[in-house]
Amino acid sequence: MNRYRVMIVDNDPTSLAIGRALLEKSYDLMLAQSGLQALGLMQNQGCPDLVVIDMTIPGMDGMTLLERIREIDEMKETPVIFMVDKGQVLEEAKCYAKGVVGFAHKPVNPTALKLQIQRQTHYLAMQQENAQLKRVLRMMHDQFDLIFPKGV
């Protein structure tokens with residue numbers, strides 16, 4: 001089974017520690033306390049498969065970070081989960097249009113967040129399997145055409 005890379009961006013060290021404890025056995029983690037640090041990690045360590053972003057990180061807020069992430073070719077389709085404060089007003093349609101796949105309300109329910117991440121990594125695994133099956137099918141089709149040429 002593929003071990004996915006999950007990045008968590010949150011300026012709260014306690015939230016990062018909880019995320020680490022919750023996810024480190026199942027995922028390769030990248031932890032950042034700011035948007036700039038997250039972008040630097042992506043540049044130096046490669047892009048994650050999924051990103052969890054606190055909407056209210058200081059400096060560069062979550063939406064701005066999301067927009068910067070989407071400028072990276074390898075990150076255009078990467079799923080993002082936003083952590084939001086209860087009562088925070090969001091333009092959910094705008095978030096979904098930019099690739100946000102879910103929301104976790106703070107204080108985050110660890111089980112619910114873990115299930116959201118599992119659901120997204122399962123979806124990624126299905127996409128990868130589908131792409132592999134398409135390649136195999138294309139190869140089989142090409143071999144069939146060699147054995148049974150059209151018009152013969």
# chains A, B, ... in the order shown; residues from 1 in each chain; ligands from 1

call {"tool": "residues_around", "arguments": {"residues": "A:Gln128", "least_positions_apart": "5", "cutoff": "12 Å", "atoms": "only C-alpha atoms", "output": "list of chain:residue names"}}
result
A:Met1, A:Asn2, A:Asp49, A:Thr121, A:His122, A:Tyr123, A:Leu133, A:Lys134, A:Arg135

call {"tool": "select_by_dssp", "arguments": {"residues": "chain A", "states": "strand (DSSP E or B)", "output": "number ranges by chain"}}
result
A: 5-9, 28-32, 50-54, 80-85, 100-106

call {"tool": "write_last_selection", "arguments": {"atoms": "N, CA, C and O atoms", "output": "compact mmCIF listing (two decimals), in the first residue's frame"}}
result
# COMPACT_ATOMS: atom_id res chain seq x y z
N ARG A 5 1.80 11.32 1.65
CA ARG A 5 2.39 12.45 2.37
C ARG A 5 1.28 13.46 2.66
O ARG A 5 0.61 13.93 1.75
N VAL A 6 1.13 13.78 3.93
CA VAL A 6 0.12 14.74 4.37
C VAL A 6 0.83 15.92 5.01
O VAL A 6 1.67 15.74 5.89
N MET A 7 0.47 17.12 4.55
CA MET A 7 1.02 18.33 5.16
C MET A 7 -0.06 18.97 6.03
O MET A 7 -1.21 19.09 5.61
N ILE A 8 0.33 19.36 7.24
CA ILE A 8 -0.56 20.11 8.13
C ILE A 8 0.06 21.48 8.34
O ILE A 8 1.24 21.59 8.70
N VAL A 9 -0.74 22.52 8.11
CA VAL A 9 -0.27 23.90 8.28
C VAL A 9 -1.13 24.55 9.36
O VAL A 9 -2.32 24.78 9.18
N ASP A 28 3.27 9.85 5.92
CA ASP A 28 4.48 10.65 6.04
C ASP A 28 4.02 12.09 6.22
O ASP A 28 3.27 12.61 5.38
N LEU A 29 4.43 12.72 7.30
CA LEU A 29 3.92 14.05 7.63
C LEU A 29 4.91 15.15 7.30
O LEU A 29 6.12 14.98 7.42
N MET A 30 4.36 16.27 6.91
CA MET A 30 5.08 17.51 6.73
C MET A 30 4.32 18.54 7.58
O MET A 30 3.13 18.74 7.37
N LEU A 31 5.00 19.13 8.55
CA LEU A 31 4.34 20.07 9.46
C LEU A 31 4.91 21.46 9.26
O LEU A 31 6.13 21.65 9.21
N ALA A 32 4.01 22.44 9.16
CA ALA A 32 4.44 23.83 8.97
C ALA A 32 3.60 24.74 9.87
O ALA A 32 2.42 24.48 10.09
N LEU A 50 -1.80 15.47 0.13
CA LEU A 50 -2.98 16.09 0.72
C LEU A 50 -2.50 17.16 1.69
O LEU A 50 -1.46 16.99 2.32
N VAL A 51 -3.25 18.26 1.79
CA VAL A 51 -2.87 19.35 2.68
C VAL A 51 -4.03 19.70 3.59
O VAL A 51 -5.17 19.81 3.14
N VAL A 52 -3.73 19.86 4.88
CA VAL A 52 -4.70 20.32 5.88
C VAL A 52 -4.22 21.70 6.33
O VAL A 52 -3.10 21.84 6.81
N ILE A 53 -5.07 22.72 6.14
CA ILE A 53 -4.67 24.11 6.40
C ILE A 53 -5.61 24.76 7.40
O ILE A 53 -6.83 24.74 7.20
N ASP A 54 -5.03 25.38 8.43
CA ASP A 54 -5.81 26.22 9.33
C ASP A 54 -6.09 27.53 8.59
O ASP A 54 -5.18 28.18 8.09
N VAL A 80 -7.36 19.49 -0.48
CA VAL A 80 -7.09 20.36 0.67
C VAL A 80 -8.28 20.29 1.63
O VAL A 80 -9.43 20.34 1.18
N ILE A 81 -7.98 20.17 2.90
CA ILE A 81 -9.00 20.25 3.96
C ILE A 81 -8.70 21.51 4.77
O ILE A 81 -7.56 21.72 5.20
N PHE A 82 -9.71 22.34 4.96
CA PHE A 82 -9.55 23.54 5.76
C PHE A 82 -10.01 23.28 7.19
O PHE A 82 -11.07 22.69 7.40
N MET A 83 -9.19 23.74 8.15
CA MET A 83 -9.62 23.76 9.55
C MET A 83 -10.13 25.17 9.82
O MET A 83 -9.43 26.14 9.56
N VAL A 84 -11.35 25.26 10.31
CA VAL A 84 -11.99 26.56 10.52
C VAL A 84 -12.49 26.68 11.94
O VAL A 84 -12.85 25.69 12.57
N ASP A 85 -12.50 27.91 12.44
CA ASP A 85 -13.05 28.17 13.77
C ASP A 85 -14.57 28.11 13.69
O ASP A 85 -15.17 28.50 12.68
N VAL A 100 -10.91 22.59 -2.35
CA VAL A 100 -11.10 22.18 -0.96
C VAL A 100 -12.08 21.01 -0.97
O VAL A 100 -13.13 21.07 -1.60
N VAL A 101 -11.70 19.93 -0.29
CA VAL A 101 -12.54 18.73 -0.29
C VAL A 101 -13.30 18.54 1.01
O VAL A 101 -14.17 17.68 1.09
N GLY A 102 -12.98 19.36 2.02
CA GLY A 102 -13.69 19.23 3.28
C GLY A 102 -13.27 20.29 4.28
O GLY A 102 -12.30 21.03 4.07
N PHE A 103 -14.02 20.32 5.36
CA PHE A 103 -13.77 21.28 6.43
C PHE A 103 -13.76 20.54 7.76
O PHE A 103 -14.54 19.62 7.96
N ALA A 104 -12.88 20.97 8.65
CA ALA A 104 -12.84 20.45 10.01
C ALA A 104 -12.99 21.65 10.93
O ALA A 104 -12.26 22.64 10.80
N HIS A 105 -13.97 21.60 11.82
CA HIS A 105 -14.22 22.73 12.71
C HIS A 105 -13.40 22.59 13.98
O HIS A 105 -13.34 21.53 14.58
N LYS A 106 -12.76 23.71 14.37
CA LYS A 106 -11.94 23.73 15.58
C LYS A 106 -12.82 24.00 16.80
O LYS A 106 -13.73 24.79 16.70

call {"tool": "closest_residue", "arguments": {"among": "A:Thr56, A:Thr64, A:Gln118, A:Gln45", "to": "A:Leu22", "atoms": "only C-alpha atoms"}}
result
A:Gln118

call {"tool": "atom_distance", "arguments": {"atom1": "atom CA of A:Arg70", "atom2": "atom CA of A:Gly99"}}
result
8.8 Å

call {"tool": "select_by_dssp", "arguments": {"residues": "stretch 51-108 of chain A", "states": "helix (DSSP H, G or I)", "output": "PyMOL selection string"}}
result
chain A and resi 62-70+73-75+92-97

call {"tool": "write_last_selection", "arguments": {"atoms": "all heavy atoms", "output": "short mmCIF file (atom, residue, chain, number, x, y, z; two decimals), in the first residue's frame"}}
result
data_model
loop_
_atom_site.label_atom_id
_atom_site.label_comp_id
_atom_site.auth_asym_id
_atom_site.auth_seq_id
_atom_site.Cartn_x
_atom_site.Cartn_y
_atom_site.Cartn_z
N GLY A 62 -5.26 31.04 5.12
CA GLY A 62 -5.46 29.77 4.46
C GLY A 62 -5.86 29.89 2.99
O GLY A 62 -5.38 29.14 2.14
N MET A 63 -6.73 30.83 2.68
CA MET A 63 -7.18 31.00 1.30
C MET A 63 -6.04 31.48 0.40
O MET A 63 -5.87 31.00 -0.72
CB MET A 63 -8.37 31.97 1.22
CG MET A 63 -8.98 32.05 -0.17
SD MET A 63 -9.59 30.49 -0.83
CE MET A 63 -11.13 30.35 0.06
N THR A 64 -5.22 32.38 0.91
CA THR A 64 -4.07 32.86 0.14
C THR A 64 -3.08 31.72 -0.08
O THR A 64 -2.55 31.55 -1.19
CB THR A 64 -3.39 34.04 0.86
OG1 THR A 64 -4.35 35.07 1.07
CG2 THR A 64 -2.21 34.58 0.05
N LEU A 65 -2.84 30.92 0.96
CA LEU A 65 -1.95 29.76 0.80
C LEU A 65 -2.51 28.80 -0.24
O LEU A 65 -1.77 28.30 -1.09
CB LEU A 65 -1.75 29.04 2.14
CG LEU A 65 -0.91 27.76 2.08
CD1 LEU A 65 0.48 28.02 1.50
CD2 LEU A 65 -0.82 27.14 3.47
N LEU A 66 -3.81 28.57 -0.20
CA LEU A 66 -4.43 27.69 -1.19
C LEU A 66 -4.19 28.22 -2.61
O LEU A 66 -3.83 27.46 -3.52
CB LEU A 66 -5.93 27.55 -0.92
CG LEU A 66 -6.72 26.74 -1.95
CD1 LEU A 66 -6.23 25.30 -2.01
CD2 LEU A 66 -8.20 26.79 -1.62
N GLU A 67 -4.36 29.52 -2.80
CA GLU A 67 -4.13 30.11 -4.12
C GLU A 67 -2.68 29.95 -4.55
O GLU A 67 -2.40 29.65 -5.72
CB GLU A 67 -4.54 31.58 -4.10
CG GLU A 67 -6.05 31.76 -4.00
CD GLU A 67 -6.49 33.18 -3.69
OE1 GLU A 67 -5.61 34.06 -3.50
OE2 GLU A 67 -7.71 33.42 -3.64
N ARG A 68 -1.75 30.10 -3.63
CA ARG A 68 -0.32 29.93 -3.95
C ARG A 68 -0.02 28.46 -4.27
O ARG A 68 0.75 28.18 -5.18
CB ARG A 68 0.54 30.39 -2.77
CG ARG A 68 0.49 31.88 -2.47
CD ARG A 68 1.33 32.73 -3.39
NE ARG A 68 2.72 32.36 -3.46
CZ ARG A 68 3.67 32.80 -2.63
NH1 ARG A 68 3.36 33.63 -1.65
NH2 ARG A 68 4.91 32.40 -2.77
N ILE A 69 -0.65 27.54 -3.54
CA ILE A 69 -0.46 26.12 -3.81
C ILE A 69 -0.93 25.78 -5.22
O ILE A 69 -0.29 25.03 -5.94
CB ILE A 69 -1.21 25.27 -2.75
CG1 ILE A 69 -0.46 25.31 -1.42
CG2 ILE A 69 -1.40 23.84 -3.23
CD1 ILE A 69 -1.22 24.67 -0.27
N ARG A 70 -2.06 26.34 -5.63
CA ARG A 70 -2.62 26.05 -6.95
C ARG A 70 -1.75 26.58 -8.09
O ARG A 70 -1.90 26.17 -9.23
CB ARG A 70 -4.05 26.60 -7.06
CG ARG A 70 -5.03 25.88 -6.16
CD ARG A 70 -5.13 24.41 -6.51
NE ARG A 70 -6.10 23.74 -5.66
CZ ARG A 70 -5.83 22.65 -4.96
NH1 ARG A 70 -4.64 22.10 -5.01
NH2 ARG A 70 -6.75 22.09 -4.21
N ASP A 73 2.43 23.54 -10.40
CA ASP A 73 1.86 22.56 -11.34
C ASP A 73 1.50 21.24 -10.68
O ASP A 73 0.43 20.70 -10.92
CB ASP A 73 2.83 22.30 -12.50
CG ASP A 73 2.87 23.46 -13.49
OD1 ASP A 73 1.91 24.26 -13.52
OD2 ASP A 73 3.87 23.56 -14.23
N GLU A 74 2.38 20.70 -9.84
CA GLU A 74 2.15 19.40 -9.21
C GLU A 74 1.03 19.46 -8.16
O GLU A 74 0.60 18.41 -7.66
CB GLU A 74 3.43 18.88 -8.53
CG GLU A 74 4.58 18.65 -9.48
CD GLU A 74 5.42 19.90 -9.69
OE1 GLU A 74 5.11 20.98 -9.14
OE2 GLU A 74 6.41 19.80 -10.45
N MET A 75 0.59 20.66 -7.80
CA MET A 75 -0.39 20.81 -6.72
C MET A 75 -1.76 21.29 -7.21
O MET A 75 -2.65 21.54 -6.40
CB MET A 75 0.14 21.81 -5.67
CG MET A 75 1.42 21.39 -4.98
SD MET A 75 1.18 20.05 -3.81
CE MET A 75 0.22 20.86 -2.55
N GLU A 92 -18.04 28.94 1.01
CA GLU A 92 -17.79 27.52 0.76
C GLU A 92 -17.71 27.20 -0.73
O GLU A 92 -16.87 26.41 -1.14
CB GLU A 92 -18.84 26.66 1.45
CG GLU A 92 -18.67 26.62 2.94
CD GLU A 92 -19.60 25.65 3.63
OE1 GLU A 92 -20.16 24.75 2.95
OE2 GLU A 92 -19.77 25.78 4.84
N ALA A 93 -18.56 27.81 -1.54
CA ALA A 93 -18.54 27.53 -2.98
C ALA A 93 -17.18 27.90 -3.56
O ALA A 93 -16.62 27.16 -4.37
CB ALA A 93 -19.66 28.28 -3.69
N LYS A 94 -16.62 29.04 -3.14
CA LYS A 94 -15.31 29.46 -3.62
C LYS A 94 -14.24 28.46 -3.17
O LYS A 94 -13.34 28.13 -3.94
CB LYS A 94 -15.00 30.86 -3.07
CG LYS A 94 -13.69 31.44 -3.54
CD LYS A 94 -13.51 32.85 -2.98
CE LYS A 94 -12.19 33.44 -3.40
NZ LYS A 94 -11.98 34.77 -2.83
N CYS A 95 -14.36 27.98 -1.95
CA CYS A 95 -13.40 27.00 -1.43
C CYS A 95 -13.46 25.71 -2.24
O CYS A 95 -12.43 25.17 -2.66
CB CYS A 95 -13.67 26.71 0.04
SG CYS A 95 -13.38 28.12 1.14
N TYR A 96 -14.68 25.20 -2.46
CA TYR A 96 -14.82 23.96 -3.22
C TYR A 96 -14.31 24.14 -4.64
O TYR A 96 -13.68 23.24 -5.20
CB TYR A 96 -16.27 23.48 -3.23
CG TYR A 96 -16.72 22.88 -1.91
CD1 TYR A 96 -17.84 23.35 -1.25
CD2 TYR A 96 -16.02 21.83 -1.33
CE1 TYR A 96 -18.26 22.80 -0.05
CE2 TYR A 96 -16.42 21.28 -0.13
CZ TYR A 96 -17.54 21.76 0.51
OH TYR A 96 -17.94 21.21 1.70
N ALA A 97 -14.55 25.28 -5.25
CA ALA A 97 -14.09 25.54 -6.62
C ALA A 97 -12.57 25.53 -6.71
O ALA A 97 -12.01 25.22 -7.75
CB ALA A 97 -14.65 26.87 -7.11
#

call {"tool": "closest_residue", "arguments": {"among": "A:Gln43, A:Ser26, A:Thr111, A:Asn11", "to": "A:Gly59", "atoms": "only C-alpha atoms"}}
result
A:Asn11

call {"tool": "closest_residue", "arguments": {"among": "A:Pro48, A:Lys86, A:Arg138, A:Lys150", "to": "A:Tyr27", "atoms": "only C-alpha atoms"}}
result
A:Pro48

call {"tool": "atom_distance", "arguments": {"atom1": "atom CA of A:Ser34", "atom2": "atom CA of A:Met60"}}
result
7.2 Å
